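Student: Have a peek at upload08.csv (CSV, C-alpha atoms).
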```
chain,number,residue,atom,x,y,z
A,1,MET,CA,-5.0,-13.7,-7.6
A,2,HIS,CA,-5.7,-12.5,-11.1
A,3,TRP,CA,-6.3,-8.8,-11.7
A,4,PHE,CA,-9.9,-9.2,-12.8
A,5,ASP,CA,-10.6,-11.0,-9.5
A,6,ALA,CA,-9.3,-7.8,-7.9
A,7,VAL,CA,-11.9,-5.9,-9.9
A,8,SER,CA,-14.7,-7.8,-8.2
A,9,CYS,CA,-13.1,-7.1,-4.8
A,10,GLY,CA,-13.6,-3.4,-5.2
A,11,LEU,CA,-10.3,-2.2,-6.6
A,12,VAL,CA,-12.0,-1.1,-9.7
A,13,ARG,CA,-15.8,-0.6,-10.0
A,14,LYS,CA,-17.5,-0.6,-13.4
A,15,ASN,CA,-20.6,1.5,-13.9
A,16,SER,CA,-23.2,0.5,-16.5
A,17,SER,CA,-23.4,4.1,-17.9
A,18,SER,CA,-20.1,5.7,-17.3
A,19,PRO,CA,-17.1,3.8,-15.8
A,20,LEU,CA,-16.1,6.8,-13.6
A,21,ALA,CA,-19.5,8.4,-13.0
A,22,SER,CA,-20.1,6.8,-9.7
A,23,HIS,CA,-16.6,7.5,-8.2
A,24,LEU,CA,-16.7,10.0,-5.4
A,25,LYS,CA,-14.3,12.8,-5.5
A,26,THR,CA,-13.1,12.7,-1.9
A,27,PRO,CA,-11.8,9.6,-0.1
A,28,ALA,CA,-13.6,10.8,3.1
A,29,THR,CA,-16.8,9.4,1.7
A,30,ALA,CA,-15.5,7.0,-0.9
A,31,THR,CA,-14.7,3.3,-0.5
A,32,ASP,CA,-13.2,2.5,-3.9
A,33,LEU,CA,-9.4,2.5,-4.3
A,34,ILE,CA,-9.4,4.8,-7.4
A,35,SER,CA,-10.9,7.7,-5.4
A,36,PHE,CA,-8.1,7.3,-2.8
A,37,LEU,CA,-5.4,7.1,-5.5
A,38,LYS,CA,-6.7,10.3,-7.1
A,39,ALA,CA,-6.4,12.1,-3.7
A,40,LEU,CA,-2.7,11.4,-3.5
A,41,PRO,CA,-0.7,14.5,-4.6
A,42,ASP,CA,1.3,13.9,-7.8
A,43,CYS,CA,4.9,14.3,-6.7
A,44,ARG,CA,6.4,14.0,-10.2
A,45,MET,CA,7.9,16.9,-12.2
A,46,ARG,CA,5.1,18.5,-14.3
A,47,ARG,CA,7.2,18.5,-17.5
A,48,GLY,CA,6.7,15.4,-19.7
A,49,ILE,CA,3.9,13.7,-17.7
A,50,ARG,CA,1.9,11.5,-20.0
A,51,PHE,CA,0.0,9.2,-17.6
A,52,PRO,CA,-2.1,10.1,-14.5
A,53,GLN,CA,-0.4,9.0,-11.4
A,54,TRP,CA,-3.5,7.3,-10.0
A,55,ARG,CA,-3.8,5.1,-13.2
A,56,MET,CA,-0.2,4.0,-13.0
A,57,LEU,CA,-0.5,3.2,-9.3
A,58,LEU,CA,-3.6,1.2,-10.0
A,59,VAL,CA,-1.9,-0.7,-12.8
A,60,ALA,CA,1.1,-1.4,-10.6
A,61,ILE,CA,-1.2,-2.7,-7.8
A,62,LEU,CA,-3.1,-5.0,-10.2
A,63,ALA,CA,0.1,-6.2,-11.7
A,64,ILE,CA,1.5,-7.1,-8.3
A,65,LEU,CA,-1.8,-9.0,-7.5
A,66,SER,CA,-1.2,-10.9,-10.7
A,67,ASN,CA,2.3,-11.9,-9.6
A,68,GLN,CA,3.9,-9.3,-11.9
A,69,GLY,CA,5.7,-7.3,-9.3
A,70,SER,CA,8.8,-6.3,-11.3
A,71,LEU,CA,9.0,-3.1,-13.3
A,72,LEU,CA,9.2,-5.1,-16.5
A,73,GLY,CA,6.2,-7.2,-15.3
A,74,MET,CA,4.2,-4.0,-14.8
A,75,GLU,CA,5.0,-2.9,-18.3
A,76,ARG,CA,3.9,-6.2,-19.7
A,77,PHE,CA,0.7,-6.2,-17.6
A,78,ALA,CA,-0.1,-2.7,-18.8
A,79,LYS,CA,0.3,-3.7,-22.5
A,80,ARG,CA,-1.6,-7.0,-22.1
A,81,HIS,CA,-4.6,-5.4,-20.5
A,82,ARG,CA,-4.6,-1.9,-22.1
A,83,LYS,CA,-7.9,-2.2,-23.9
A,84,THR,CA,-9.7,-3.8,-21.0
A,85,LEU,CA,-8.4,-1.1,-18.6
A,86,ASN,CA,-9.4,1.6,-21.0
A,87,GLU,CA,-12.9,0.2,-21.1
A,88,LEU,CA,-13.2,-0.2,-17.3
A,89,LEU,CA,-11.6,3.1,-16.4
A,90,GLY,CA,-13.1,5.3,-19.2
A,91,THR,CA,-9.6,6.3,-20.4
A,92,HIS,CA,-8.0,6.4,-23.8
A,93,VAL,CA,-4.4,5.3,-23.4
A,94,ALA,CA,-3.0,4.4,-26.8
A,95,LYS,CA,0.4,3.3,-25.6
A,96,PRO,CA,0.9,2.0,-22.0
A,97,PRO,CA,3.8,3.2,-19.7
A,98,SER,CA,7.1,1.4,-20.0
A,99,ASP,CA,9.2,-0.1,-17.2
A,100,SER,CA,11.3,3.1,-17.1
A,101,THR,CA,8.2,5.2,-16.6
A,102,PHE,CA,7.2,3.0,-13.7
A,103,ARG,CA,10.7,3.3,-12.4
A,104,LEU,CA,10.6,7.1,-12.4
A,105,LEU,CA,7.2,7.1,-10.6
A,106,VAL,CA,8.5,4.8,-7.9
A,107,ALA,CA,11.6,6.9,-7.4
A,108,GLN,CA,9.6,10.1,-6.9
A,109,LEU,CA,6.6,8.6,-5.1
A,110,ASP,CA,5.7,9.8,-1.6
A,111,VAL,CA,6.0,6.4,0.0
A,112,GLU,CA,4.8,7.3,3.4
A,113,GLY,CA,1.8,9.2,2.0
A,114,PHE,CA,1.0,6.2,-0.3
A,115,GLU,CA,1.2,3.8,2.6
A,116,LYS,CA,-1.1,6.0,4.7
A,117,LEU,CA,-3.5,6.2,1.8
A,118,LEU,CA,-3.7,2.4,1.5
A,119,GLN,CA,-4.2,2.1,5.2
A,120,ASP,CA,-7.1,4.6,5.1
A,121,TRP,CA,-8.6,2.7,2.2
A,122,MET,CA,-8.4,-0.6,3.9
A,123,SER,CA,-10.2,0.8,6.9
A,124,THR,CA,-13.1,1.7,4.7
A,125,GLN,CA,-13.5,-1.9,3.7
A,126,ILE,CA,-14.8,-3.0,7.1
A,127,GLY,CA,-18.4,-2.2,6.2
A,128,ASP,CA,-20.8,-3.9,8.6
A,129,ALA,CA,-18.1,-6.1,10.1
A,130,GLU,CA,-17.1,-5.9,13.8
A,131,PRO,CA,-14.9,-2.9,14.5
A,132,VAL,CA,-11.1,-3.5,14.7
A,133,ASP,CA,-10.3,-4.0,18.4
A,134,THR,CA,-7.1,-6.0,18.3
A,135,LEU,CA,-3.9,-5.5,16.3
A,136,VAL,CA,-1.0,-8.0,16.3
A,137,CYS,CA,2.5,-6.8,15.7
A,138,ASP,CA,4.8,-9.2,13.8
A,139,GLY,CA,8.3,-8.8,12.6
A,140,LYS,CA,9.8,-10.8,9.7
A,141,THR,CA,13.1,-10.9,7.9
A,142,LEU,CA,12.8,-10.5,4.1
A,143,ARG,CA,14.1,-13.6,2.3
A,144,GLY,CA,17.4,-13.1,0.5
A,145,SER,CA,18.2,-9.8,2.2
A,146,ILE,CA,20.9,-11.0,4.6
A,147,ASP,CA,24.3,-9.5,3.8
A,148,GLU,CA,27.6,-9.2,5.6
A,149,THR,CA,28.9,-5.7,6.7
A,150,ALA,CA,32.5,-4.6,6.6
A,151,SER,CA,32.9,-5.5,10.3
A,152,GLY,CA,31.7,-9.0,9.6
A,153,ALA,CA,28.3,-8.6,11.2
A,154,ALA,CA,25.2,-9.6,9.4
A,155,ARG,CA,22.7,-7.0,8.2
A,156,PHE,CA,19.3,-7.7,6.7
A,157,ILE,CA,16.1,-6.1,5.7
A,158,ALA,CA,13.2,-6.6,8.2
A,159,GLN,CA,9.5,-5.7,8.0
A,160,VAL,CA,7.1,-5.0,10.9
A,161,SER,CA,3.4,-5.4,10.3
A,162,LEU,CA,0.2,-4.5,12.2
A,163,TYR,CA,-2.2,-7.3,11.5
A,164,SER,CA,-6.0,-7.1,12.1
A,165,ASN,CA,-7.7,-10.4,12.9
A,166,ASN,CA,-11.1,-8.8,12.1
A,167,LEU,CA,-10.1,-7.8,8.6
A,168,GLY,CA,-7.7,-10.6,7.9
A,169,VAL,CA,-5.1,-8.2,6.5
A,170,ALA,CA,-2.1,-6.2,7.6
A,171,ILE,CA,-3.3,-2.6,7.9
A,172,ALA,CA,0.2,-1.0,8.2
A,173,GLN,CA,3.7,-2.1,7.5
A,174,SER,CA,7.2,-0.6,7.9
A,175,THR,CA,10.5,-1.8,6.5
A,176,TYR,CA,14.0,-1.1,7.9
A,177,ALA,CA,17.6,-2.2,7.5
A,178,THR,CA,19.0,-3.7,10.7
A,179,ASP,CA,22.1,-1.6,10.6
A,180,ALA,CA,20.1,1.6,10.4
A,181,GLY,CA,17.1,0.9,12.6
A,182,GLY,CA,15.3,-1.5,14.8
A,183,GLU,CA,11.9,-3.2,15.4
A,184,ILE,CA,11.0,-1.0,18.4
A,185,ALA,CA,11.4,2.2,16.4
A,186,ALA,CA,9.5,0.7,13.5
A,187,LEU,CA,6.6,-0.4,15.6
A,188,ARG,CA,6.4,3.0,17.3
A,189,LYS,CA,6.3,4.7,13.9
A,190,LEU,CA,3.4,2.4,12.9
A,191,LEU,CA,1.4,3.0,16.1
A,192,ASP,CA,1.8,6.8,15.6
A,193,ARG,CA,-0.3,6.3,12.4
A,194,VAL,CA,-3.1,4.4,14.1
A,195,GLU,CA,-5.8,5.6,16.5
A,196,LEU,CA,-5.1,3.5,19.6
A,197,GLU,CA,-8.2,4.4,21.6
A,198,GLY,CA,-9.9,1.2,22.6
A,199,LEU,CA,-7.4,-1.0,20.8
A,200,LEU,CA,-5.5,-4.0,22.2
A,201,VAL,CA,-2.0,-4.2,20.7
A,202,GLN,CA,-0.3,-7.6,20.9
A,203,ALA,CA,3.5,-7.6,20.6
A,204,ASP,CA,6.6,-9.5,21.6
A,205,ALA,CA,8.2,-9.0,25.0
A,206,LEU,CA,10.8,-7.0,23.1
A,207,HIS,CA,8.4,-4.0,23.1
A,208,THR,CA,7.4,-4.1,26.7
A,209,ASN,CA,10.0,-1.7,27.9
A,210,ARG,CA,9.7,1.6,29.7
A,211,PRO,CA,11.3,3.8,26.9
A,212,PHE,CA,8.8,2.5,24.3
A,213,PHE,CA,5.7,3.2,26.4
A,214,SER,CA,6.8,6.6,27.6
A,215,THR,CA,7.1,7.9,24.1
A,216,SER,CA,4.0,6.3,22.5
A,217,ARG,CA,0.4,7.0,23.0
A,218,SER,CA,-0.1,3.7,24.8
A,219,VAL,CA,-0.6,3.9,28.5
A,220,LYS,CA,0.8,0.6,29.5
A,221,PRO,CA,1.8,-2.8,28.0
A,222,THR,CA,-1.2,-4.8,26.9
A,223,SER,CA,0.3,-8.1,25.9
```
I need this file expressed as structure tokens, please.

Tutor:
Amino acid sequence: MHWFDAVSCGLVRKNSSSPLASHLKTPATATDLISFLKALPDCRMRRGIRFPQWRMLLVAILAILSNQGSLLGMERFAKRHRKTLNELLGTHVAKPPSDSTFRLLVAQLDVEGFEKLLQDWMSTQIGDAEPVDTLVCDGKTLRGSIDETASGAARFIAQVSLYSNNLGVAIAQSTYATDAGGEIAALRKLLDRVELEGLLVQADALHTNRPFFSTSRSVKPTS
């Protein structure tokens, strides 16, 4: 997916008079991603900040959608599309951020807050579609993450997702290392971020145990 395909999907919305004039200030009534990114508190040190956090996050997202997910790829994407982004966003960035600038942002970013923000933004994209009534839990091992520990056991990085059939996207994700966590705890953490009233949650038999349901807001196993 190219980044200007993402523009037409609502990541960036261009206004005929002023690129940012139509953006709402609060994500409570907004549906565009920029408004949500602006609502995320900037966790960077104030000294030396040259680029707004929301703009860098937007560029990073568009770069990833364009298969440029590395820090160097984000820098190249920002350079290649600097003029177009300035036009669309109404900004005047003369020199785009470097890979080290993106690295500093990622190192200081409130990851949980950012994930919650994206989850809230995706929920606003439902529009007139049917309400989300089913979430499917799925756990996967990240390719190339398997490693051997000192004891000879295998460790790897796994990811748990909550997938909405209605929206066709994963609305929440959590990643953990198998030597420091497990799928049950990861799913419980995800469900704590979702309003479960009226929802059917489908998960593997691994999760249908008494300790899990006694500590979550679910009343009983659903599937």

Student: Between A:Val111, A:Ala185, A:Val136, A:Leu206, which has the minimum distance to Pro41 (chain A) (counting all atoms listed in the file)?

Tutor: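 For Pro41 (chain A), the nearest of the candidates is A:Val111.
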
Student: Would you mind telling me which residue in A:Ser164, A:Pro52, A:Leu33, A:Lys189 lies nearest to Thr91 (chain A) when using all atoms listed in the file?

Tutor: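 Nearest to Thr91 (chain A): A:Pro52.
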
Student: Of the candidates A:Val201, A:Ala154, A:Val106, A:Leu162, which shows the shortest atom-to-atom distance to Asp179 (chain A), using only C-alpha atoms?

Tutor: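 Once distances to Asp179 (chain A) are computed over only C-alpha atoms, the minimum belongs to A:Ala154.
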
Student: Mind checking which residues fall within 8 Å of Leu190 (chain A), counting all atoms listed in the file, ignoring those fewer than 3 positions away in the same chain, and posting them as a VMD selection string?

Tutor: chain A and resid 162 172 to 174 186 to 187 193 to 194

Student: May I ask for the distance between CA of Gly90 (chain A) and CA of Ala63 (chain A), given in Å to one decimal place?

Tutor: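 Interatomic distance, CA of Gly90 (chain A) to CA of Ala63 (chain A): 19.0 Å.
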
Student: Quote the spacing between CA of Lys83 (chain A) and CA of Leu62 (chain A) in Å to one decimal place.

Tutor: 14.8 Å

Student: Using all atoms listed in the file, find the one residue out of A:Trp121, A:Thr134, A:Leu37, A:Glu115 that sits nearest to Leu196 (chain A).

Tutor: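 Closest to Leu196 (chain A) of all the choices is A:Thr134.
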
Student: Could you list, as an NGL selection string, every residue within 10 Å of Ala60 (chain A), counting all atoms listed in the file and ignoring same-chain residues fewer than 5 positions away?

Tutor: :A and (54-55 or 65-66 or 68-71 or 73-75 or 77-78 or 102)

Student: Calculate how many Å separate CA of Leu88 (chain A) from CA of Lys38 (chain A), rounding to one decimal.

Tutor: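 Going from CA of Leu88 (chain A) over to CA of Lys38 (chain A), I get 16.0 Å.
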
Student: The centre and edge lengths of an axis-aligned box containing all atoms of region 64-70 of chain A present in the file, extended by 4 Å on each side, are to be given in Å to one decimal, as lines of an AutoDock Vina configuration file.

Tutor:
```
center_x = 3.5
center_y = -9.1
center_z = -9.7
size_x = 18.6
size_y = 13.6
size_z = 12.4
```

Student: Just the residues within 12 Å of Ala94 (chain A), please, counting all atoms listed in the file, with nothing from its chain fewer than 3 positions along; format it as a PDB file with C-alpha atoms, in the frame of the given file.

Tutor:
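Output contents, as saved in around.pdb:
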```
ATOM      1  CA  ARG A  50       1.900  11.500 -20.000  1.00  0.00           C
ATOM      2  CA  PHE A  51       0.000   9.200 -17.600  1.00  0.00           C
ATOM      3  CA  ALA A  78      -0.100  -2.700 -18.800  1.00  0.00           C
ATOM      4  CA  LYS A  79       0.300  -3.700 -22.500  1.00  0.00           C
ATOM      5  CA  HIS A  81      -4.600  -5.400 -20.500  1.00  0.00           C
ATOM      6  CA  ARG A  82      -4.600  -1.900 -22.100  1.00  0.00           C
ATOM      7  CA  LYS A  83      -7.900  -2.200 -23.900  1.00  0.00           C
ATOM      8  CA  LEU A  85      -8.400  -1.100 -18.600  1.00  0.00           C
ATOM      9  CA  ASN A  86      -9.400   1.600 -21.000  1.00  0.00           C
ATOM     10  CA  THR A  91      -9.600   6.300 -20.400  1.00  0.00           C
ATOM     11  CA  PRO A  97       3.800   3.200 -19.700  1.00  0.00           C
TER      12      PRO A  97
END
```

Student: (9.6, -12.8, 10.6) in this file's frame - what residues fall within 9 Å of it? Use all atoms listed in the file and give the answer as a PyMOL selection string.

Tutor: chain A and resi 138-142+158-160

Student: Those residues with C-alpha atoms, as a compact mmCIF listing (two decimals), in the coordinates of the input please?

Tutor:
```txt
# COMPACT_ATOMS: atom_id res chain seq x y z
CA ASP A 138 4.80 -9.20 13.80
CA GLY A 139 8.30 -8.80 12.60
CA LYS A 140 9.80 -10.80 9.70
CA THR A 141 13.10 -10.90 7.90
CA LEU A 142 12.80 -10.50 4.10
CA ALA A 158 13.20 -6.60 8.20
CA GLN A 159 9.50 -5.70 8.00
CA VAL A 160 7.10 -5.00 10.90
```
